[in-house]
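For reference, entry-v4.txt (compact mmCIF, C-alpha atoms and all ligand atoms):
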```txt
# COMPACT_ATOMS: atom_id res chain seq x y z
CA MET B 146 0.00 0.00 0.00
CA ASN B 147 1.30 3.42 -0.91
CA ASN B 148 0.70 5.52 2.15
CA GLU B 149 1.52 8.82 0.52
CA SER B 150 -1.02 8.48 -2.26
CA GLU B 151 -3.71 7.15 0.07
CA PRO B 152 -3.28 9.07 3.31
CA ASN B 153 -6.79 8.27 4.52
CA LYS B 154 -6.31 4.54 4.17
CA LYS B 155 -2.89 4.11 5.70
CA GLU B 156 -2.52 1.40 8.30
CA ILE B 157 -2.96 2.60 11.86
CA SER B 158 0.21 2.22 13.87
CA ARG B 159 0.28 1.58 17.60
CA ARG B 160 1.53 5.16 17.98
CA ASP B 161 -1.54 6.49 16.19
CA LEU B 162 -3.74 4.41 18.48
CA LEU B 163 -2.30 5.98 21.63
CA LYS B 164 -2.42 9.49 20.25
CA VAL B 165 -6.00 9.15 19.16
CA ALA B 166 -7.16 7.31 22.26
CA VAL B 167 -5.52 9.78 24.63
CA ALA B 168 -6.62 12.85 22.76
CA ALA B 169 -10.13 11.52 22.32
CA ALA B 170 -10.38 10.79 26.01
CA ALA B 171 -9.21 14.32 26.74
CA VAL B 172 -12.09 15.78 24.78
CA GLY B 173 -14.55 13.47 26.43
CA VAL B 174 -15.48 11.12 23.63
CA LEU B 175 -13.88 7.99 25.09
CA THR B 176 -14.47 6.38 28.45
CA ALA B 177 -13.45 3.10 30.00
CA GLY B 178 -14.52 0.11 27.98
CA GLN B 179 -15.98 2.18 25.17
CA SER B 180 -14.79 1.50 21.66
CA LEU B 181 -14.17 4.29 19.21
CA THR B 182 -13.25 4.46 15.57
CA VAL B 183 -10.07 6.30 14.74
CA GLU B 184 -11.92 8.41 12.21
CA ALA B 185 -14.48 9.53 14.79
CA ALA B 186 -11.78 10.40 17.29
CA ALA B 187 -9.77 12.33 14.71
CA LYS B 188 -12.86 14.30 13.78
CA SER B 189 -13.51 15.18 17.39
CA LEU B 190 -9.94 16.37 17.70
CA GLN B 191 -10.45 18.93 14.97
CA ASN B 192 -12.89 20.64 17.29
CA ASN B 193 -10.45 20.67 20.16
CA SER B 194 -8.14 23.62 19.76
CA SER B 195 -6.91 23.76 23.35
CA ARG B 196 -3.27 22.86 23.83
CA THR B 197 -1.38 22.65 27.08
CA ILE B 198 1.76 24.77 27.16
CA LEU B 199 4.45 24.17 29.76
CA GLN B 200 6.79 26.85 30.96
CA HIS B 201 10.06 24.98 31.10
CA ASP B 202 13.20 26.66 32.39
CA GLY B 203 12.32 29.91 30.72
CA MET B 204 11.55 28.19 27.44
CA THR B 205 8.09 27.55 26.12
CA HIS B 206 7.48 24.06 24.82
CA ASP B 207 4.46 22.40 23.44
CA ASP B 208 3.19 20.04 26.11
CA PHE B 209 6.05 17.59 26.72
CA SER B 210 3.64 15.12 28.20
CA GLY B 211 2.03 14.06 24.94
CA THR B 212 -1.21 13.56 26.83
CA VAL B 213 -3.94 15.94 27.88
CA GLY B 214 -5.80 15.86 31.16
CA GLU B 215 -5.14 13.90 34.32
CA ILE B 216 -5.70 10.39 35.58
CA ASP B 217 -7.67 9.70 38.76
CA LEU B 218 -4.83 10.24 41.22
CA LEU B 219 -7.00 9.06 44.12
CA SER B 220 -7.01 5.60 42.56
CA PHE B 221 -3.25 5.45 41.86
CA ASP B 222 -0.74 8.27 42.20
CA PRO B 223 2.66 7.46 40.63
CA THR B 224 4.25 10.32 42.62
CA HIS B 225 3.16 8.68 45.87
CA PHE B 226 4.13 5.22 44.61
CA LEU B 227 7.65 6.48 43.81
CA THR B 228 8.67 6.85 47.46
CA PHE B 229 6.34 4.44 49.24
CA PHE B 230 8.19 1.48 50.71
CA ASP B 231 6.21 -1.26 52.46
CA TYR B 232 8.19 -2.79 55.36
CA GLY B 233 5.34 -5.14 56.33
CA LYS B 234 4.26 -6.17 59.81
CA GLU B 235 7.39 -6.57 61.93
CA SER B 236 8.00 -9.07 64.73
CA ILE B 237 11.02 -10.73 66.32
CA ALA B 238 11.64 -14.47 66.06
CA PRO B 239 12.89 -16.46 69.11
CA ASP B 240 16.37 -16.50 67.56
CA GLY B 241 16.36 -12.69 67.35
CA ASN B 242 15.78 -12.46 63.62
CA THR B 243 13.36 -9.85 62.32
CA ILE B 244 10.24 -11.32 60.70
CA ARG B 245 8.37 -9.21 58.14
CA GLU B 246 4.90 -10.27 57.07
CA TRP B 247 2.71 -9.02 54.26
CA ASP B 248 -0.80 -9.89 53.08
CA VAL B 249 -0.88 -9.88 49.29
CA VAL B 250 -4.05 -10.35 47.27
CA ALA B 251 -4.28 -10.85 43.53
CA VAL B 252 -7.15 -8.74 42.21
CA ASP B 253 -8.48 -8.21 38.68
CA LYS B 254 -8.87 -4.47 38.28
CA GLU B 255 -9.22 -1.90 35.53
CA ILE B 256 -6.42 0.66 35.82
CA GLU B 257 -5.82 4.02 34.13
CA ILE B 258 -2.56 4.03 32.15
CA ALA B 259 -2.96 7.48 30.55
CA PRO B 260 -5.66 10.10 31.09
CA GLY B 261 -8.89 8.40 30.01
CA VAL B 262 -7.16 5.22 28.79
CA PHE B 263 -8.04 2.15 30.82
CA PHE B 264 -6.47 -1.33 30.89
CA PRO B 265 -8.02 -4.50 32.34
CA ALA B 266 -5.14 -5.40 34.65
CA TRP B 267 -4.33 -8.29 36.94
CA THR B 268 -2.81 -6.78 40.06
CA PHE B 269 -1.12 -7.45 43.37
CA ASN B 270 -3.13 -5.50 45.98
CA GLY B 271 -5.06 -3.58 43.33
CA GLN B 272 -2.12 -1.66 41.89
CA VAL B 273 0.40 -1.88 39.05
CA PRO B 274 3.26 -2.14 39.81
CA GLY B 275 2.55 -4.12 42.97
CA PRO B 276 3.73 -2.78 46.34
CA THR B 277 7.45 -2.12 46.82
CA PHE B 278 8.41 -4.51 49.61
CA ARG B 279 11.45 -3.54 51.65
CA CYS B 280 13.58 -5.28 54.27
CA HIS B 281 17.15 -5.85 55.44
CA GLU B 282 19.36 -8.72 54.42
CA GLY B 283 18.80 -11.63 56.79
CA ASP B 284 15.20 -10.73 57.66
CA ILE B 285 12.67 -13.56 57.48
CA LEU B 286 10.12 -12.61 54.83
CA ARG B 287 6.60 -14.03 54.92
CA PHE B 288 4.16 -13.26 52.09
CA ILE B 289 0.64 -14.55 52.78
CA PHE B 290 -0.67 -14.65 49.23
CA THR B 291 -4.39 -14.97 48.51
CA ASN B 292 -5.74 -15.27 45.02
CA GLY B 293 -8.84 -13.09 44.68
CA SER B 294 -8.54 -13.14 40.90
CA ALA B 295 -10.36 -15.27 38.35
CA HIS B 296 -7.12 -16.96 37.22
CA PRO B 297 -4.41 -19.03 38.94
CA HIS B 298 -1.38 -16.99 40.04
CA THR B 299 1.79 -17.22 42.11
CA MET B 300 4.48 -14.96 43.54
CA HIS B 301 7.95 -15.63 42.19
CA PHE B 302 10.82 -13.64 43.72
CA HIS B 303 14.28 -13.20 42.27
CA GLY B 304 17.16 -13.86 44.67
CA PHE B 305 18.17 -16.79 46.91
CA HIS B 306 15.48 -19.00 48.45
CA PRO B 307 14.52 -22.70 48.68
CA PRO B 308 13.02 -24.06 45.41
CA SER B 309 9.81 -24.83 47.35
CA MET B 310 9.38 -21.05 47.82
CA ASP B 311 10.12 -20.17 44.21
CA GLY B 312 6.58 -19.44 43.04
CA ILE B 313 6.56 -22.01 40.26
CA ALA B 314 4.41 -24.50 42.15
CA PRO B 315 1.89 -24.80 43.53
CA MET B 316 -0.28 -22.67 41.30
CA VAL B 317 -2.57 -20.79 43.67
CA GLN B 318 -6.10 -21.22 42.40
CA PRO B 319 -8.81 -18.55 42.71
CA GLY B 320 -9.96 -18.38 46.32
CA GLU B 321 -6.89 -20.23 47.63
CA SER B 322 -3.89 -19.03 49.63
CA PHE B 323 -0.21 -19.89 49.87
CA THR B 324 2.47 -18.52 52.19
CA TYR B 325 5.95 -17.85 50.81
CA GLU B 326 8.61 -17.68 53.50
CA PHE B 327 12.35 -17.26 53.04
CA LYS B 328 15.35 -15.34 54.30
CA ALA B 329 16.07 -12.08 52.48
CA ARG B 330 19.29 -12.33 50.49
CA PRO B 331 21.33 -11.03 48.81
CA PHE B 332 21.01 -7.30 49.39
CA GLY B 333 20.09 -5.45 46.23
CA VAL B 334 17.02 -4.74 44.17
CA HIS B 335 14.97 -7.70 42.95
CA PRO B 336 11.81 -8.01 40.89
CA TYR B 337 8.92 -10.26 41.84
CA HIS B 338 6.17 -11.43 39.53
CA CYS B 339 3.57 -14.10 38.89
CA HIS B 340 5.03 -17.21 37.26
CA VAL B 341 1.98 -18.94 35.82
CA MET B 342 1.86 -19.79 32.09
CA SER B 343 1.38 -18.09 29.75
CA LEU B 344 4.06 -16.11 31.49
CA LYS B 345 3.99 -13.20 29.08
CA LYS B 346 0.28 -12.77 29.68
CA HIS B 347 0.52 -12.95 33.47
CA ILE B 348 3.38 -10.45 33.48
CA HIS B 349 2.10 -7.94 30.95
CA LYS B 350 -1.30 -7.86 32.68
CA GLY B 351 0.46 -6.25 35.65
CA LEU B 352 1.51 -8.91 38.17
CA TYR B 353 4.98 -7.60 39.10
CA GLY B 354 6.73 -5.36 41.57
CA THR B 355 9.99 -4.66 43.38
CA LEU B 356 11.63 -6.17 46.47
CA ILE B 357 14.40 -4.02 47.96
CA ILE B 358 16.80 -5.79 50.32
CA ASP B 359 18.99 -3.30 52.16
CA PRO B 360 22.54 -4.20 53.17
CA PRO B 361 22.87 -4.90 56.93
CA GLN B 362 24.74 -1.62 57.39
CA GLY B 363 22.28 0.29 55.16
CA ARG B 364 23.24 2.68 52.37
CA LYS B 365 24.26 6.33 52.42
CA PRO B 366 21.32 8.68 53.14
CA ALA B 367 19.63 9.68 49.89
CA HIS B 368 16.34 10.74 48.33
CA GLU B 369 15.20 7.27 47.30
CA MET B 370 12.61 6.19 44.78
CA VAL B 371 11.49 3.11 42.89
CA MET B 372 10.89 2.98 39.17
CA VAL B 373 9.51 0.01 37.27
CA MET B 374 9.79 0.30 33.50
CA ASN B 375 6.56 -1.16 32.13
CA ALA B 376 4.26 -1.09 29.12
CA PHE B 377 0.74 -2.08 28.15
CA ASP B 378 -0.76 -3.91 25.20
CA SER B 379 -4.02 -2.01 25.20
CA ASN B 380 -5.46 -3.62 22.05
CA PHE B 381 -4.28 -7.20 22.76
CA ASP B 382 -2.14 -7.63 19.64
CA ASN B 383 0.97 -8.78 21.56
CA ALA B 384 2.64 -5.39 21.15
CA ASN B 385 2.66 -2.44 23.51
CA GLU B 386 0.87 0.84 22.85
CA VAL B 387 1.64 2.67 26.12
CA TYR B 388 5.03 2.88 27.87
CA ALA B 389 5.95 4.35 31.23
CA VAL B 390 7.83 4.05 34.43
CA ASN B 391 5.33 3.18 37.14
CA THR B 392 2.46 2.62 34.71
CA VAL B 393 1.10 6.06 33.83
CA ALA B 394 2.26 7.54 30.50
CA PHE B 395 4.08 10.88 30.90
CA HIS B 396 3.11 11.17 34.59
CA TYR B 397 6.53 12.52 35.62
CA ALA B 398 6.45 14.96 32.69
CA ARG B 399 3.16 16.38 33.99
CA HIS B 400 4.45 16.14 37.57
CA PRO B 401 8.26 16.48 37.58
CA ILE B 402 9.95 14.61 40.42
CA GLN B 403 11.11 17.17 42.96
CA VAL B 404 14.69 16.74 44.21
CA LYS B 405 17.08 19.08 46.02
CA VAL B 406 20.13 20.51 44.26
CA GLY B 407 23.20 18.74 45.61
CA GLN B 408 21.25 15.94 47.33
CA LEU B 409 22.11 12.33 46.53
CA VAL B 410 19.29 10.66 44.57
CA ARG B 411 18.96 6.88 44.51
CA VAL B 412 16.69 5.15 42.00
CA TYR B 413 15.80 1.45 42.34
CA LEU B 414 15.14 0.63 38.68
CA THR B 415 13.62 -2.57 37.31
CA ASN B 416 12.55 -3.55 33.80
CA MET B 417 9.31 -5.55 33.63
CA THR B 418 8.39 -4.62 30.05
CA GLU B 419 6.80 -7.52 28.16
CA PHE B 420 6.95 -8.13 24.37
CA ASP B 421 9.84 -5.71 23.71
CA LEU B 422 13.22 -7.35 24.22
CA ILE B 423 14.85 -4.43 25.98
CA ASN B 424 14.09 -1.17 27.69
CA SER B 425 16.41 1.57 28.89
CA PHE B 426 16.85 4.59 31.14
CA HIS B 427 18.67 7.71 30.01
CA LEU B 428 19.34 10.77 32.19
CA HIS B 429 19.92 14.18 30.61
CA ALA B 430 22.48 16.79 31.68
CA SER B 431 24.08 14.55 34.32
CA MET B 432 25.43 11.03 34.84
CA PHE B 433 24.73 8.32 37.38
CA GLN B 434 26.65 5.63 39.19
CA LEU B 435 25.18 2.35 38.00
CA TYR B 436 25.15 -0.56 40.48
CA ARG B 437 23.83 -3.56 38.56
CA THR B 438 21.36 -5.58 40.67
CA GLY B 439 22.56 -3.48 43.64
CA THR B 440 24.48 -6.44 45.02
CA SER B 441 27.79 -4.61 45.41
CA LEU B 442 28.44 -1.38 47.30
CA ASP B 443 31.75 -0.83 45.53
CA HIS B 444 31.50 -1.78 41.89
CA PHE B 445 29.78 0.74 39.70
CA GLU B 446 29.94 2.24 36.26
CA LEU B 447 29.58 5.97 35.54
CA THR B 448 27.17 6.43 32.67
CA ASP B 449 24.01 8.23 31.60
CA THR B 450 22.25 5.31 29.90
CA VAL B 451 21.52 1.73 30.94
CA ILE B 452 19.91 -0.93 28.77
CA MET B 453 18.06 -3.77 30.46
CA GLY B 454 16.34 -6.99 29.44
CA GLN B 455 13.19 -8.05 31.28
CA GLY B 456 13.96 -8.90 34.91
CA GLU B 457 17.20 -6.92 34.95
CA ARG B 458 17.51 -4.19 37.54
CA ALA B 459 19.97 -1.71 38.96
CA ILE B 460 20.48 1.02 41.52
CA LEU B 461 21.25 4.44 40.04
CA GLU B 462 22.88 7.11 42.20
CA PHE B 463 23.38 10.71 41.12
CA THR B 464 23.41 14.31 42.29
CA LEU B 465 21.93 17.18 40.31
CA ASN B 466 24.10 20.24 40.81
CA ASP B 467 22.13 23.03 39.13
CA PRO B 468 18.51 24.04 39.51
CA GLY B 469 16.22 23.13 36.64
CA HIS B 470 14.52 20.31 34.79
CA TYR B 471 16.50 17.19 33.96
CA MET B 472 14.73 15.00 31.43
CA PHE B 473 14.85 11.20 31.73
CA HIS B 474 13.43 8.70 29.27
CA ALA B 475 13.87 5.42 27.47
CA HIS B 476 16.53 5.70 24.81
CA GLN B 477 14.27 3.75 22.54
CA SER B 478 12.84 6.96 21.11
CA GLU B 479 9.55 5.27 20.26
CA PHE B 480 9.00 4.24 23.90
CA ALA B 481 9.73 7.81 25.00
CA GLU B 482 7.19 9.20 22.57
CA LEU B 483 4.58 6.68 23.75
CA GLY B 484 4.80 7.70 27.40
CA TRP B 485 8.16 6.70 28.88
CA MET B 486 9.53 10.19 29.57
CA GLY B 487 9.67 12.49 32.59
CA PHE B 488 11.65 15.12 34.45
CA PHE B 489 13.52 15.56 37.68
CA GLU B 490 13.11 19.12 38.88
CA ALA B 491 16.11 20.15 40.96
CA VAL B 492 15.32 22.99 43.35
CA LEU B 493 17.50 24.92 45.78
CU CU H 501 -0.53 -14.96 37.17
```
Serialized structure, structure tokens:
Amino acid sequence: MNNESEPNKKEISRRDLLKVAVAAAAVGVLTAGQSLTVEAAAKSLQNNSSRTILQHDGMTHDDFSGTVGEIDLLSFDPTHFLTFFDYGKESIAPDGNTIREWDVVAVDKEIEIAPGVFFPAWTFNGQVPGPTFRCHEGDILRFIFTNGSAHPHTMHFHGFHPPSMDGIAPMVQPGESFTYEFKARPFGVHPYHCHVMSLKKHIHKGLYGTLIIDPPQGRKPAHEMVMVMNAFDSNFDNANEVYAVNTVAFHYARHPIQVKVGQLVRVYLTNMTEFDLINSFHLHASMFQLYRTGTSLDHFELTDTVIMGQGERAILEFTLNDPGHYMFHAHQSEFAELGWMGFFEAVL
């Protein structure tokens, strides 16, 4: 097909789908679960002349966010998620070890992945990514997992543990429970996710999160945050249409992450993107110390870009020395344009 001679009949790319869906939602013609033809949405856009303009470091830019409007932040706020670490219910074992216990429930839930764009997710505790669990190396971790979903699921953690606690078997059937218990090691940042087949379906639907195991002596004080690189196949064609860190397209472009000039920033970064082989994180105007998997306190690489396969993770440490907006995004330009882009705003 010659696209140039037949502009009205060109095939619709996944990029077009996001643009149209997001823009259409912004002008109120698309709601959750409602289907919409591209032609109808495009027509409605012609009547929408409002554009959001951001003042950005003295420069005026067309809306960097690529989306218009706002998600329901009361349902899920990526800014809150960024710095919320769940240490669980703490108790002390007879041998003096710290026990940490969490109740985790798998729930089927529709989530908002861009303003007005909804995705029928499978979740841990009703959110994507799931909670960020945090502990110290050597703690006894106990996850009481209940499956409130319509499909069998498990919790599979990366790191050391007995094979019986690996989340491969048993499959936890709807209405059933299983308790995973193991000692936290090694220190670092580790993903967890459901491990029921078809794995790609159970992962891309949203059943993943981050487990942070702190070294016994802790790490240097820092402004810490967790970022999970993820993406969504919103039209079920085994390819992603929406990309983000922490689920919501362009959230940190609309709401730049506030950090202090000169303060150490530490990002716990994980890639749980399905379908695409790799994802990446690129920081503008600065560089970070990259600690792969976070399992060493000494060995790092100084860079401004890291490429990760699914399940790979790292700790990024950096300091922003001048006030202003520092862009970060996937260095797959297409992912960035489909939602995986944001800013740190360094303030005095
Ligand atoms: Cu599952």
Set the distance at 9 Å and use all atoms listed in the file: which residues neighbour region 473-475 of chain B once local chain neighbours fewer than 5 positions away are removed? I'd like the list as a compact mmCIF listing (two decimals) with C-alpha atoms, in the frame of the given file.
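Just written: around-v5.txt:
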```
# COMPACT_ATOMS: atom_id res chain seq x y z
CA MET B 374 9.79 0.30 33.50
CA ALA B 389 5.95 4.35 31.23
CA VAL B 390 7.83 4.05 34.43
CA ASN B 424 14.09 -1.17 27.69
CA SER B 425 16.41 1.57 28.89
CA PHE B 426 16.85 4.59 31.14
CA HIS B 427 18.67 7.71 30.01
CA LEU B 428 19.34 10.77 32.19
CA HIS B 429 19.92 14.18 30.61
CA THR B 450 22.25 5.31 29.90
CA ILE B 452 19.91 -0.93 28.77
CA PHE B 480 9.00 4.24 23.90
CA ALA B 481 9.73 7.81 25.00
CA GLY B 484 4.80 7.70 27.40
CA TRP B 485 8.16 6.70 28.88
CA MET B 486 9.53 10.19 29.57
CA GLY B 487 9.67 12.49 32.59
CA PHE B 488 11.65 15.12 34.45
CA PHE B 489 13.52 15.56 37.68
```
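Among the candidate residues B:Tyr337, B:Trp247, B:Phe226, B:Phe288, the one lying nearest to Tyr325 (chain B) is B:Phe288, with distances computed using all atoms listed in the file.
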Using all atoms listed in the file, determine which residues lie at most 8 Å from His306 (chain B), disregarding the query and same-chain residues fewer than 2 positions distant; provide the list as a short mmCIF file (atom, residue, chain, number, x, y, z; two decimals) with C-alpha atoms, in the coordinates of the input.
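Produced file result-v4.cif, reproduced below:
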```
data_model
loop_
_atom_site.label_atom_id
_atom_site.label_comp_id
_atom_site.auth_asym_id
_atom_site.auth_seq_id
_atom_site.Cartn_x
_atom_site.Cartn_y
_atom_site.Cartn_z
CA GLY B 304 17.16 -13.86 44.67
CA PRO B 308 13.02 -24.06 45.41
CA MET B 310 9.38 -21.05 47.82
CA ASP B 311 10.12 -20.17 44.21
CA PHE B 327 12.35 -17.26 53.04
CA LYS B 328 15.35 -15.34 54.30
CA ARG B 330 19.29 -12.33 50.49
#
```
#### Entry: Test item: residues lying within 12 Å of ligand CU 501 (chain H) with only C-alpha atoms and all ligand atoms, as a ChimeraX atom specification
/B:250-253,266-269,291-301,312-319,337-353
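Residue nearest Asp217 (chain B) within the list B:His476, B:His303, B:His396, B:Arg437: B:His396 [criterion: smallest interatomic distance, only C-alpha atoms].
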### Query
How many Å lie between CA of Thr418 (chain B) and CA of Met472 (chain B), rounded to one decimal?
20.7 Å
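The closest residue to Arg364 (chain B), picked from B:Glu326, B:Glu446, B:Glu321, B:Glu462 and counting all atoms listed in the file, is B:Glu462.
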### Atom-to-atom span, CA of Val373 (chain B) and CA of Arg458 (chain B), Å
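Taking CA of Val373 (chain B) as the start and CA of Arg458 (chain B) as the end point, the length is 9.0 Å.
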#### Entry: Interatomic distance (Å, one decimal) between CA of Leu414 (chain B) and CA of Phe381 (chain B)
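Rounded to one decimal, the two atoms are 26.3 Å apart.
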### Message
Within 12 Å of (-4.7, 11.1, 35.2) (file coordinates; only C-alpha atoms), which protein or nucleic acid residues are there? I'd like them as a PyMOL selection string.
### Response
chain B and resi 167+170-171+210+212-224+256-263+392-397+399-400
### Query
Which is closer to Ala384 (chain B) than all the others in B:Leu422, B:Leu447, B:Ile358, B:Met370, using all atoms listed in the file?
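Nearest candidate to Ala384 (chain B) out of B:Leu422, B:Leu447, B:Ile358, B:Met370: B:Leu422.
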### Query
What's the 12 Å shell around Asp467 (chain B), counting only C-alpha atoms, without same-chain residues fewer than 4 positions away, as JSON, numbers by chain?
{"B": [202, 404, 405, 406, 407, 408, 430, 431, 471, 489, 490, 491, 492, 493]}
### Query
Mind listing as a list in words all residues within 6 Å of (5.5, -10.0, 57.2), counting only C-alpha atoms?
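Protein and nucleic acid residues near the point are Gly233, Lys234, Arg245, Glu246, Trp247, Leu286 and Arg287 of chain B.
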Could those selected residues go to a file with C-alpha atoms, as a JSON list (two decimals), in the coordinates of the input?
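Output below, filename selection-v6.json:
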```json
[["chain", "number", "residue", "atom", "x", "y", "z"],
["B", 233, "GLY", "CA", 5.34, -5.14, 56.33],
["B", 234, "LYS", "CA", 4.26, -6.17, 59.81],
["B", 245, "ARG", "CA", 8.37, -9.21, 58.14],
["B", 246, "GLU", "CA", 4.90, -10.27, 57.07],
["B", 247, "TRP", "CA", 2.71, -9.02, 54.26],
["B", 286, "LEU", "CA", 10.12, -12.61, 54.83],
["B", 287, "ARG", "CA", 6.60, -14.03, 54.92]]
```
### Task
Please provide the set of residues having any atom within 9 Å of Asp378 (chain B), restricted to only C-alpha atoms, with same-chain residues fewer than 4 positions apart removed, written as an MDAnalysis selection string.
chainID B and resid 264 349:350 382:387 419:420
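Using only C-alpha atoms, the nearest neighbour of Ile460 (chain B) within the list B:Pro360, B:Pro366, B:Gly333, B:Pro276 is B:Gly333.
Checking B:Phe290, B:Phe433, B:Thr415, B:His335 one by one against Gly320 (chain B), counting only C-alpha atoms, you find the shortest gap at B:Phe290.
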Draw an axis-aligned box over all listed atoms of region 354-363 of chain B, pad each side with 4 Å, and write its centre and edge lengths in Å, one decimal, as lines of an AutoDock Vina configuration file.
```
center_x = 15.7
center_y = -2.9
center_z = 49.5
size_x = 26.0
size_y = 14.5
size_z = 23.8
```
### Query
Using all atoms listed in the file, which residues sit within 12 Å of Phe332 (chain B) once same-chain residues fewer than 4 positions away are excluded, as JSON, numbers by chain?
{"B": [279, 280, 281, 282, 283, 284, 303, 304, 305, 328, 356, 357, 358, 359, 360, 361, 362, 363, 364, 436, 437, 438, 439, 440, 441, 442, 459, 460]}
